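Here is the file protein08.txt (compact mmCIF, C-alpha atoms).
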# COMPACT_ATOMS: atom_id res chain seq x y z
CA MET A 280 -1.36 76.36 74.31
CA ALA A 281 -3.74 78.86 72.70
CA ASP A 282 -3.38 81.21 75.69
CA GLU A 283 0.41 81.01 75.39
CA LEU A 284 0.25 81.93 71.70
CA ARG A 285 -1.98 84.95 72.37
CA GLN A 286 0.37 86.01 75.17
CA THR A 287 3.31 85.79 72.75
CA MET A 288 1.52 87.94 70.17
CA THR A 289 0.57 90.46 72.88
CA GLN A 290 4.18 90.62 74.02
CA PHE A 291 5.35 91.17 70.43
CA TRP A 292 3.01 94.13 69.91
CA GLU A 293 3.64 95.60 73.34
CA GLU A 294 7.27 95.81 72.24
CA HIS A 295 6.29 97.53 68.97
CA SER A 296 3.54 99.88 70.13
CA ARG A 297 5.21 101.95 72.85
CA ASP A 298 5.23 105.21 70.88
CA ALA A 299 2.27 104.42 68.57
CA THR A 300 4.11 105.68 65.48
CA VAL A 301 3.62 104.71 61.85
CA GLU A 302 7.12 103.17 61.89
CA GLU A 303 6.03 100.87 64.72
CA MET A 304 2.72 100.12 63.06
CA MET A 305 4.39 99.11 59.77
CA LEU A 306 7.60 97.75 61.35
CA ASP A 307 9.59 99.61 58.70
CA SER A 308 11.95 102.59 58.72
CA SER A 309 10.47 103.70 55.35
CA ALA A 310 6.95 103.70 56.78
CA GLU A 311 6.14 107.34 56.02
CA LEU A 312 6.93 106.97 52.32
CA LEU A 313 5.29 103.55 52.04
CA SER A 314 2.16 104.71 53.83
CA LYS A 315 1.81 107.83 51.67
CA GLU A 316 2.05 105.75 48.48
CA GLU A 317 0.01 102.71 49.48
CA LYS A 318 -3.00 104.29 51.19
CA PRO A 319 -4.57 105.67 48.00
CA GLU A 320 -3.73 102.42 46.23
CA ILE A 321 -5.51 100.31 48.86
CA ILE A 322 -8.50 102.66 49.04
CA SER A 323 -8.87 102.51 45.24
CA LEU A 324 -9.40 98.74 45.45
CA LEU A 325 -12.40 98.96 47.77
CA PRO A 326 -16.03 98.80 46.61
CA CYS A 327 -18.33 101.78 46.99
CA LEU A 328 -18.90 102.11 50.75
CA ASP A 329 -21.64 104.71 50.58
CA GLY A 330 -24.22 103.87 53.24
CA PHE A 331 -22.16 100.91 54.53
CA ASN A 332 -21.61 99.89 58.13
CA VAL A 333 -17.88 99.02 58.22
CA LEU A 334 -15.91 96.92 60.69
CA GLU A 335 -12.15 97.57 60.69
CA LEU A 336 -10.18 94.79 62.37
CA GLY A 337 -6.60 95.49 63.43
CA ALA A 338 -7.17 99.22 62.93
CA GLY A 339 -3.90 100.15 64.64
CA ILE A 340 -3.17 103.88 64.85
CA GLY A 341 -5.82 104.58 62.22
CA ARG A 342 -3.91 104.74 58.95
CA PHE A 343 -7.08 103.71 57.14
CA THR A 344 -9.76 104.52 59.73
CA GLY A 345 -10.22 108.14 58.70
CA HIS A 346 -10.39 107.25 55.00
CA LEU A 347 -12.99 104.56 55.67
CA ALA A 348 -15.03 107.01 57.75
CA LYS A 349 -15.07 109.48 54.82
CA LEU A 350 -16.56 106.81 52.56
CA ALA A 351 -18.91 104.88 54.87
CA SER A 352 -21.83 105.74 57.14
CA GLN A 353 -20.37 104.11 60.25
CA VAL A 354 -16.98 102.58 61.14
CA THR A 355 -16.13 100.40 64.13
CA ALA A 356 -12.33 100.45 64.57
CA VAL A 357 -10.94 97.56 66.61
CA ASP A 358 -7.39 96.86 67.81
CA PHE A 359 -6.08 94.86 70.73
CA MET A 360 -3.32 97.37 71.65
CA GLN A 361 -4.66 100.22 73.78
CA ASN A 362 -1.82 102.55 72.70
CA PHE A 363 -2.85 102.17 69.06
CA ILE A 364 -6.53 102.76 69.80
CA ASP A 365 -5.66 105.87 71.84
CA LYS A 366 -3.62 107.29 68.95
CA ASN A 367 -6.37 106.42 66.48
CA ARG A 368 -8.95 108.20 68.63
CA GLU A 369 -6.64 111.22 68.98
CA ASP A 370 -6.28 111.55 65.19
CA ASN A 371 -9.76 110.51 64.07
CA GLY A 372 -12.02 111.02 67.08
CA HIS A 373 -13.30 114.31 65.68
CA ARG A 374 -15.32 112.31 63.16
CA GLY A 375 -18.76 111.53 64.47
CA ASN A 376 -19.19 108.17 62.72
CA ILE A 377 -16.35 106.13 64.30
CA THR A 378 -16.60 103.80 67.30
CA PHE A 379 -13.24 102.83 68.85
CA LEU A 380 -12.91 99.45 70.53
CA GLN A 381 -9.95 97.79 72.24
CA ALA A 382 -10.41 94.03 71.92
CA ASP A 383 -8.73 90.80 70.85
CA VAL A 384 -10.32 89.62 67.62
CA THR A 385 -10.17 85.99 68.78
CA VAL A 386 -12.73 86.73 71.52
CA LEU A 387 -14.60 89.52 69.74
CA ASP A 388 -18.29 89.05 69.00
CA PHE A 389 -21.04 90.99 67.28
CA PRO A 390 -24.64 90.15 66.33
CA ASN A 391 -25.19 88.40 62.99
CA ASP A 392 -25.77 90.60 59.93
CA SER A 393 -24.23 93.65 61.63
CA TYR A 394 -21.88 94.84 58.88
CA ASP A 395 -21.78 95.39 55.13
CA PHE A 396 -17.99 95.45 54.85
CA ILE A 397 -15.03 94.19 56.91
CA PHE A 398 -11.58 95.71 56.40
CA SER A 399 -8.39 94.21 57.81
CA ASN A 400 -4.79 95.24 57.22
CA TRP A 401 -2.03 92.99 58.61
CA LEU A 402 -4.05 90.99 61.12
CA PHE A 403 -4.46 87.41 59.92
CA MET A 404 -0.70 86.76 59.92
CA TYR A 405 -0.83 87.15 63.70
CA LEU A 406 -3.37 84.34 64.04
CA THR A 407 -2.79 80.60 63.95
CA ASP A 408 -4.66 78.52 61.36
CA VAL A 409 -7.14 77.43 64.03
CA GLU A 410 -7.70 81.01 65.19
CA LEU A 411 -8.06 82.28 61.63
CA ALA A 412 -10.65 79.61 60.82
CA ALA A 413 -12.65 80.56 63.92
CA VAL A 414 -12.45 84.29 63.12
CA THR A 415 -13.45 83.62 59.49
CA GLN A 416 -16.58 81.82 60.65
CA LYS A 417 -17.40 84.75 62.91
CA MET A 418 -16.92 87.23 60.07
CA LEU A 419 -19.29 85.22 57.89
CA GLY A 420 -21.88 85.67 60.63
CA TRP A 421 -21.20 89.38 61.17
CA LEU A 422 -21.53 90.19 57.46
CA ARG A 423 -24.89 90.72 55.83
CA PRO A 424 -25.67 88.55 52.76
CA GLY A 425 -23.51 89.68 49.86
CA GLY A 426 -21.18 91.59 52.20
CA TYR A 427 -17.47 91.95 51.49
CA LEU A 428 -14.24 91.20 53.32
CA PHE A 429 -11.03 93.00 52.30
CA PHE A 430 -7.76 91.93 53.89
CA ARG A 431 -4.04 92.43 53.26
CA GLU A 432 -1.14 90.31 54.56
CA SER A 433 2.61 89.76 54.26
CA CYS A 434 3.13 86.46 52.42
CA PHE A 435 6.18 84.22 52.09
CA TYR A 436 8.55 86.27 54.27
CA GLN A 437 9.07 89.37 56.44
CA SER A 438 8.93 92.70 54.64
CA GLY A 439 9.58 95.42 57.25
CA ASP A 440 13.16 96.20 58.31
CA SER A 441 12.50 96.98 61.99
CA GLU A 442 14.69 95.04 64.40
CA ARG A 443 12.78 92.30 66.20
CA THR A 444 13.99 90.39 69.24
CA PHE A 445 11.54 87.64 68.26
CA ASN A 446 8.99 87.29 65.47
CA PRO A 447 5.88 85.11 65.95
CA THR A 448 4.34 86.23 62.63
CA VAL A 449 2.89 83.51 60.37
CA TYR A 450 4.03 84.11 56.78
CA ARG A 451 1.57 82.06 54.73
CA THR A 452 1.53 81.66 50.97
CA PRO A 453 -1.33 83.21 48.96
CA ALA A 454 -2.62 79.71 48.22
CA GLN A 455 -2.81 78.96 51.95
CA TYR A 456 -4.94 82.06 52.50
CA ASN A 457 -7.10 81.10 49.52
CA HIS A 458 -7.71 77.68 51.02
CA LEU A 459 -8.20 78.79 54.63
CA LEU A 460 -10.67 81.58 53.90
CA THR A 461 -12.76 79.70 51.33
CA SER A 462 -12.87 76.39 53.23
CA VAL A 463 -14.76 77.82 56.21
CA THR A 464 -18.54 77.99 56.12
CA SER A 465 -20.96 79.78 58.41
CA LYS A 466 -22.27 77.90 61.45
CA SER A 467 -25.36 76.98 59.49
CA GLY A 468 -23.20 75.78 56.58
CA ASP A 469 -25.27 77.86 54.17
CA ASN A 470 -22.70 80.58 53.42
CA GLY A 471 -19.02 80.92 52.65
CA PHE A 472 -16.50 83.25 51.04
CA ASP A 473 -15.72 83.42 47.33
CA ILE A 474 -12.64 85.26 46.07
CA VAL A 475 -13.51 88.35 44.08
CA MET A 476 -10.01 89.75 43.67
CA SER A 477 -6.45 89.54 44.98
CA LYS A 478 -3.27 91.29 43.94
CA SER A 479 0.11 92.37 45.20
CA VAL A 480 0.40 95.89 46.60
CA GLN A 481 2.18 97.72 43.80
CA THR A 482 3.72 100.28 46.16
CA TYR A 483 5.93 97.60 47.68
CA ILE A 484 7.00 96.37 44.26
CA LYS A 485 7.79 99.92 43.15
CA ILE A 486 9.66 101.07 46.26
CA LYS A 487 11.08 97.86 47.73
CA LYS A 488 10.97 95.41 44.79
CA ASN A 489 8.93 93.29 47.16
CA GLN A 490 6.04 91.17 45.83
CA ASN A 491 5.03 89.64 49.16
CA GLN A 492 2.35 92.18 50.12
CA VAL A 493 -0.92 90.66 48.91
CA CYS A 494 -4.50 91.83 49.38
CA TRP A 495 -7.83 90.08 48.80
CA MET A 496 -11.47 90.94 48.31
CA LEU A 497 -13.91 88.18 49.30
CA GLN A 498 -17.70 88.11 49.21
CA LYS A 499 -20.16 86.26 51.42
CA VAL A 500 -22.20 84.00 49.12
CA PRO A 501 -24.57 81.01 49.48
CA ARG A 502 -22.67 77.72 49.65
CA ASP A 503 -23.65 74.47 47.89
CA ALA A 504 -21.60 71.58 49.28
CA ASP A 505 -22.65 69.25 46.46
CA GLY A 506 -22.01 71.65 43.63
CA HIS A 507 -18.37 70.81 42.82
CA GLN A 508 -17.92 67.04 43.03
CA GLY A 509 -17.71 67.07 46.81
CA TYR A 510 -15.60 70.23 47.10
CA VAL A 511 -17.02 73.35 48.74
CA THR A 512 -15.97 75.64 45.88
CA PHE A 513 -14.95 75.23 42.26
CA GLN A 514 -11.56 76.69 43.18
CA GLN A 515 -10.96 73.91 45.70
CA PHE A 516 -11.89 71.30 43.10
CA LEU A 517 -9.50 72.88 40.64
CA ASP A 518 -6.56 73.14 43.04
CA ASN A 519 -7.00 69.77 44.70
CA GLN A 520 -8.21 67.64 41.80
CA GLN A 521 -7.75 69.09 38.32
CA TYR A 522 -4.53 71.05 38.90
CA SER A 523 -2.92 69.87 42.12
CA ARG A 524 0.58 71.17 42.79
CA ARG A 525 2.05 67.70 42.34
CA GLY A 526 0.21 67.24 39.06
CA ILE A 527 1.44 70.59 37.73
CA LEU A 528 5.06 69.76 38.55
CA ARG A 529 4.65 66.45 36.73
CA TYR A 530 3.47 68.34 33.63
CA GLU A 531 6.53 70.56 33.94
CA LYS A 532 8.86 67.55 33.94
CA ILE A 533 7.31 66.49 30.64
CA PHE A 534 7.16 69.85 28.87
CA GLY A 535 10.19 71.67 30.30
CA ASP A 536 11.07 74.26 32.93
CA GLY A 537 8.24 76.80 33.25
CA PHE A 538 5.81 75.01 30.94
CA VAL A 539 2.80 72.73 31.36
CA SER A 540 1.67 72.40 27.74
CA THR A 541 2.78 70.67 24.56
CA GLY A 542 5.77 72.21 22.76
CA GLY A 543 7.18 74.05 25.76
CA LEU A 544 9.73 76.75 25.04
CA GLU A 545 10.26 75.97 21.35
CA THR A 546 6.58 76.34 20.43
CA THR A 547 6.38 79.46 22.61
CA LYS A 548 9.33 81.05 20.78
CA GLU A 549 7.76 80.28 17.42
CA PHE A 550 4.43 81.79 18.41
CA ILE A 551 5.87 84.88 20.12
CA ALA A 552 8.08 85.63 17.09
CA MET A 553 4.87 86.45 15.21
CA LEU A 554 3.86 89.13 17.72
CA ASN A 555 6.62 91.62 16.86
CA LEU A 556 6.99 92.68 20.47
CA VAL A 557 8.97 95.81 21.36
CA PRO A 558 10.22 97.09 24.75
CA GLY A 559 7.63 98.92 26.83
CA GLN A 560 4.60 97.08 25.48
CA ARG A 561 2.11 95.44 27.84
CA VAL A 562 0.97 91.88 27.18
CA ILE A 563 -1.93 89.88 28.65
CA ASP A 564 -1.35 86.12 28.73
CA VAL A 565 -4.66 84.32 29.35
CA GLY A 566 -3.98 80.79 30.59
CA CYS A 567 -0.39 81.57 31.54
CA GLY A 568 0.26 78.32 33.41
CA ILE A 569 3.43 78.52 35.49
CA GLY A 570 4.83 81.47 33.58
CA GLY A 571 7.49 80.10 31.24
CA GLY A 572 6.27 82.08 28.25
CA ASP A 573 5.82 85.23 30.32
CA PHE A 574 9.36 85.13 31.66
CA TYR A 575 10.64 84.59 28.12
CA MET A 576 8.71 87.61 26.79
CA ALA A 577 9.74 89.85 29.70
CA LYS A 578 13.45 88.97 29.51
CA THR A 579 13.79 88.75 25.72
CA PHE A 580 11.66 91.69 24.59
CA GLY A 581 11.48 93.96 27.65
CA VAL A 582 7.69 93.89 27.82
CA GLU A 583 5.46 93.87 30.90
CA VAL A 584 3.27 90.78 31.11
CA LEU A 585 0.00 90.24 32.95
CA GLY A 586 -0.45 86.48 33.29
CA MET A 587 -3.86 85.04 34.13
CA ASP A 588 -4.79 81.47 35.02
CA LEU A 589 -7.69 79.63 36.63
CA SER A 590 -5.37 77.69 38.93
CA SER A 591 -4.04 79.38 42.07
CA ASN A 592 -1.42 76.61 42.27
CA MET A 593 -0.17 77.57 38.80
CA VAL A 594 0.13 81.21 39.84
CA GLU A 595 1.86 80.40 43.11
CA ILE A 596 4.49 78.31 41.29
CA ALA A 597 4.89 81.17 38.81
CA MET A 598 5.46 83.60 41.69
CA GLU A 599 8.12 81.32 43.17
CA LYS A 600 9.83 81.13 39.78
CA ALA A 601 9.64 84.90 39.38
CA VAL A 602 11.78 85.35 42.48
CA LYS A 603 14.39 82.95 41.08
CA GLU A 604 14.15 84.58 37.64
CA LYS A 605 14.91 87.95 39.30
CA THR A 606 11.76 89.47 37.89
CA ARG A 607 9.14 91.64 39.52
CA GLN A 608 5.56 90.47 39.58
CA LEU A 609 2.12 91.59 40.62
CA LEU A 610 -0.26 88.90 41.81
CA GLY A 611 -3.97 89.33 41.22
CA ASN A 612 -7.26 87.46 41.05
CA MET A 613 -10.46 88.38 39.24
CA ILE A 614 -13.84 86.70 39.15
CA SER A 615 -15.41 86.11 35.75
CA PRO A 616 -18.97 84.80 35.25
CA TYR A 617 -19.32 81.63 33.17
CA GLY A 618 -23.04 81.28 32.52
CA ALA A 619 -25.70 82.24 35.02
CA LEU A 620 -24.56 80.23 38.02
CA LEU A 621 -20.85 79.49 37.79
CA LYS A 622 -18.01 81.77 38.81
CA LEU A 623 -14.42 80.86 38.05
CA CYS A 624 -11.49 82.42 39.86
CA GLU A 625 -8.79 83.70 37.55
CA LYS A 626 -5.38 84.17 39.11
CA SER A 627 -2.82 86.46 37.65
CA TYR A 628 0.64 87.76 38.16
CA ARG A 629 2.52 90.51 36.42
CA CYS A 630 6.21 90.15 35.66
CA SER A 631 8.76 92.50 34.22
CA LEU A 632 12.52 92.79 34.28
CA LYS A 633 14.11 94.77 37.08

Written form, C-alpha cells:
Amino acid sequence: MADELRQTMTQFWEEHSRDATVEEMMLDSSAELLSKEEKPEIISLLPCLDGFNVLELGAGIGRFTGHLAKLASQVTAVDFMQNFIDKNREDNGHRGNITFLQADVTVLDFPNDSYDFIFSNWLFMYLTDVELAAVTQKMLGWLRPGGYLFFRESCFYQSGDSERTFNPTVYRTPAQYNHLLTSVTSKSGDNGFDIVMSKSVQTYIKIKKNQNQVCWMLQKVPRDADGHQGYVTFQQFLDNQQYSRRGILRYEKIFGDGFVSTGGLETTKEFIAMLNLVPGQRVIDVGCGIGGGDFYMAKTFGVEVLGMDLSSNMVEIAMEKAVKEKTRQLLGNMISPYGALLKLCEKSYRCSLK
C-alpha cells in the first residue's frame, strides 16, 4: 500500500515537472507574480542563518535554495524529481556552498545532529500521516539541540489553478499539522517539536484572497512526558482537555454564534462602543475565542483585527467562520514565556472586510 502511494505521488509530479518551470512548481498560472511577492515574505520569517548548516527538503527548482545559500554556511537541497534538481543546479550551482541531492524524503537518512535548520516548502501535503510522522521523527534526529524546522503547506483546499488529471495531495487543517508535528518524539523520547510561530502567507491573501497557505516555525526542545497531565505538550492538553473542539461548540450554543463567553454579542457591542473605532484602525484582540467580536468590529467599523488565543481549536473554528463571513484573515502563532519553564502557544488570525 505504501509503495502504491509513493508511486502515485511520483506519477503526479512526473506529470507536473516536465519543463521544470515555476508554473509547474507552484501549479499556478500566476506563479511568477506570486513567487516574486512571497519569496521575500517567507525569507523575512526565518531566523538568522549565519553559520548554519541548512537542509532544504522538497527544494524543487530552487526558488528558495539560492536565498538560503546567501544566508547560511552550507545548504543541502533535496528533491525527488530529477528534472527539478537539474534546474536547481543550473540556476544555483555556481554557489560553492550547495549540495544537490535527488532522493525521496521517506527513505532519506542523515547522521544525527547534522543540521541547524530544516526548510520545507510544499512537501508534507504529499505525505500520508504515517509517512509524515516517520519523517518528523527523522528530522528530530537530524537537527541539533535547539534547531529549527520551517515548513509551509496548503491547508483546507487546493490553491493553484493548474489543471490536474488527478490530485493525491493531502489538504490538512492547521490543527492537524499542529497535532502531527508536536505529537512525535525522537527515537529516544527525549526531544520533540514546540511551535514557535505560524501564520498565513500574506501574499496569497493579498493577490488571491486565499487564506489557506500556512507556514510554521518549530523548534527541537527537550520533552517531558509527565509535565502536562499525561499529554506530551501543554498545547495538546489545552486542545484535547481544556478546550476540545466539542467543548468549544457547546460554549457557543450557550453564548451565541461566534462567542464562548458570558454576554455574547450584546456585551461585546456595549464594550466596543466605548472604543470609538474608526475605519482603517488596527485592533489586537487578546483571547479572541472563536472570533465573534472580531467579525463584528471588522464588519461594523471597517477595522483590521489581529485575534490571539491560546487554543488552536478556537482559532481553527474562527478561520472556518471567517470564510463563511466573507472576511479575509491571517493565521499566526507566537510563543510567549510564562515563568521560567512554561511556554504557551498563542494562536492568532487577522480578519478584515474584503

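With all atoms listed in the file as the atoms that count, the minimum distance from Met418 of chain A to the choices A:Arg297, A:Arg443, A:Lys466, A:Arg285 is reached by A:Lys466.
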
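Taking atom CA of Val562 of chain A as the reference point, atom CA of Ala577 of chain A is found at 9.3 Å.
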
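Nearest to Val493 of chain A of all the residues A:Asp282, A:Asp469, A:Glu432, A:Asp536 is A:Glu432, counting only C-alpha atoms.
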
To one decimal place in Å, what is the distance between atom CA of Ala348 of chain A and atom CA of Arg374 of chain A? 7.6 Å

Please provide the set of residues having any atom within 8 Å of segment 391-407 of chain A, restricted to only C-alpha atoms, with same-chain residues fewer than 2 positions apart removed, written as a VMD selection string. chain A and resid 288 328 331 to 338 389 409 to 411 418 420 to 433 447 to 451

Output the selection as a short mmCIF file (atom, residue, chain, number, x, y, z; two decimals), keeping the file's coordinate frame - C-alpha atoms for each residue.
data_model
loop_
_atom_site.label_atom_id
_atom_site.label_comp_id
_atom_site.auth_asym_id
_atom_site.auth_seq_id
_atom_site.Cartn_x
_atom_site.Cartn_y
_atom_site.Cartn_z
CA MET A 288 1.52 87.94 70.17
CA LEU A 328 -18.90 102.11 50.75
CA PHE A 331 -22.16 100.91 54.53
CA ASN A 332 -21.61 99.89 58.13
CA VAL A 333 -17.88 99.02 58.22
CA LEU A 334 -15.91 96.92 60.69
CA GLU A 335 -12.15 97.57 60.69
CA LEU A 336 -10.18 94.79 62.37
CA GLY A 337 -6.60 95.49 63.43
CA ALA A 338 -7.17 99.22 62.93
CA PHE A 389 -21.04 90.99 67.28
CA VAL A 409 -7.14 77.43 64.03
CA GLU A 410 -7.70 81.01 65.19
CA LEU A 411 -8.06 82.28 61.63
CA MET A 418 -16.92 87.23 60.07
CA GLY A 420 -21.88 85.67 60.63
CA TRP A 421 -21.20 89.38 61.17
CA LEU A 422 -21.53 90.19 57.46
CA ARG A 423 -24.89 90.72 55.83
CA PRO A 424 -25.67 88.55 52.76
CA GLY A 425 -23.51 89.68 49.86
CA GLY A 426 -21.18 91.59 52.20
CA TYR A 427 -17.47 91.95 51.49
CA LEU A 428 -14.24 91.20 53.32
CA PHE A 429 -11.03 93.00 52.30
CA PHE A 430 -7.76 91.93 53.89
CA ARG A 431 -4.04 92.43 53.26
CA GLU A 432 -1.14 90.31 54.56
CA SER A 433 2.61 89.76 54.26
CA PRO A 447 5.88 85.11 65.95
CA THR A 448 4.34 86.23 62.63
CA VAL A 449 2.89 83.51 60.37
CA TYR A 450 4.03 84.11 56.78
CA ARG A 451 1.57 82.06 54.73
#

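Distances from A:Ser477, A:Thr464, A:Ser590, A:Gln560 to Val500 of chain A were compared using all atoms listed in the file, and the smallest one belongs to A:Thr464.
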
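Every protein, DNA or RNA residue with an atom at most 12 Å from Gln521 of chain A, where all atoms listed in the file count and chain neighbours fewer than 2 positions away do not, is listed here: His507, Gln508, Tyr510, Phe513, Gln514, Gln515, Phe516, Leu517, Asp518, Asn519, Ser523, Arg524, Arg525, Gly526, Ile527, Leu589, Ser590, Ser591, Asn592 and Met593 of chain A.
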
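Remark: for Phe472 of chain A, the closest of the candidate residues A:Lys499, A:Lys485, A:Lys417, A:His458 is A:Lys499 (distances computed over only C-alpha atoms).
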
Using only C-alpha atoms, which residue out of A:Val480, A:Leu419, A:Ala299, A:Ile321 lies closest to Ser467 of chain A? A:Leu419

Tell me, in Å to one decimal, how far atom CA of Val414 of chain A is from atom CA of Thr385 of chain A. 6.3 Å

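Counting only C-alpha atoms and comparing A:Leu350, A:Glu316, A:Gly570, A:Gln455, the residue that lies closest to Gly330 of chain A is A:Leu350.
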
Please list, as a count of residues only, the residues that have an atom at most 9 Å away from (-18.3, 99.6, 69.2) in the coordinates of this file, counting only C-alpha atoms. 8

Residues at most 10 Å from Leu324 of chain A, counting all atoms listed in the file, excluding those fewer than 4 positions away in the same chain, as a PyMOL selection string? chain A and resi 319-320+429+476-478+494-496
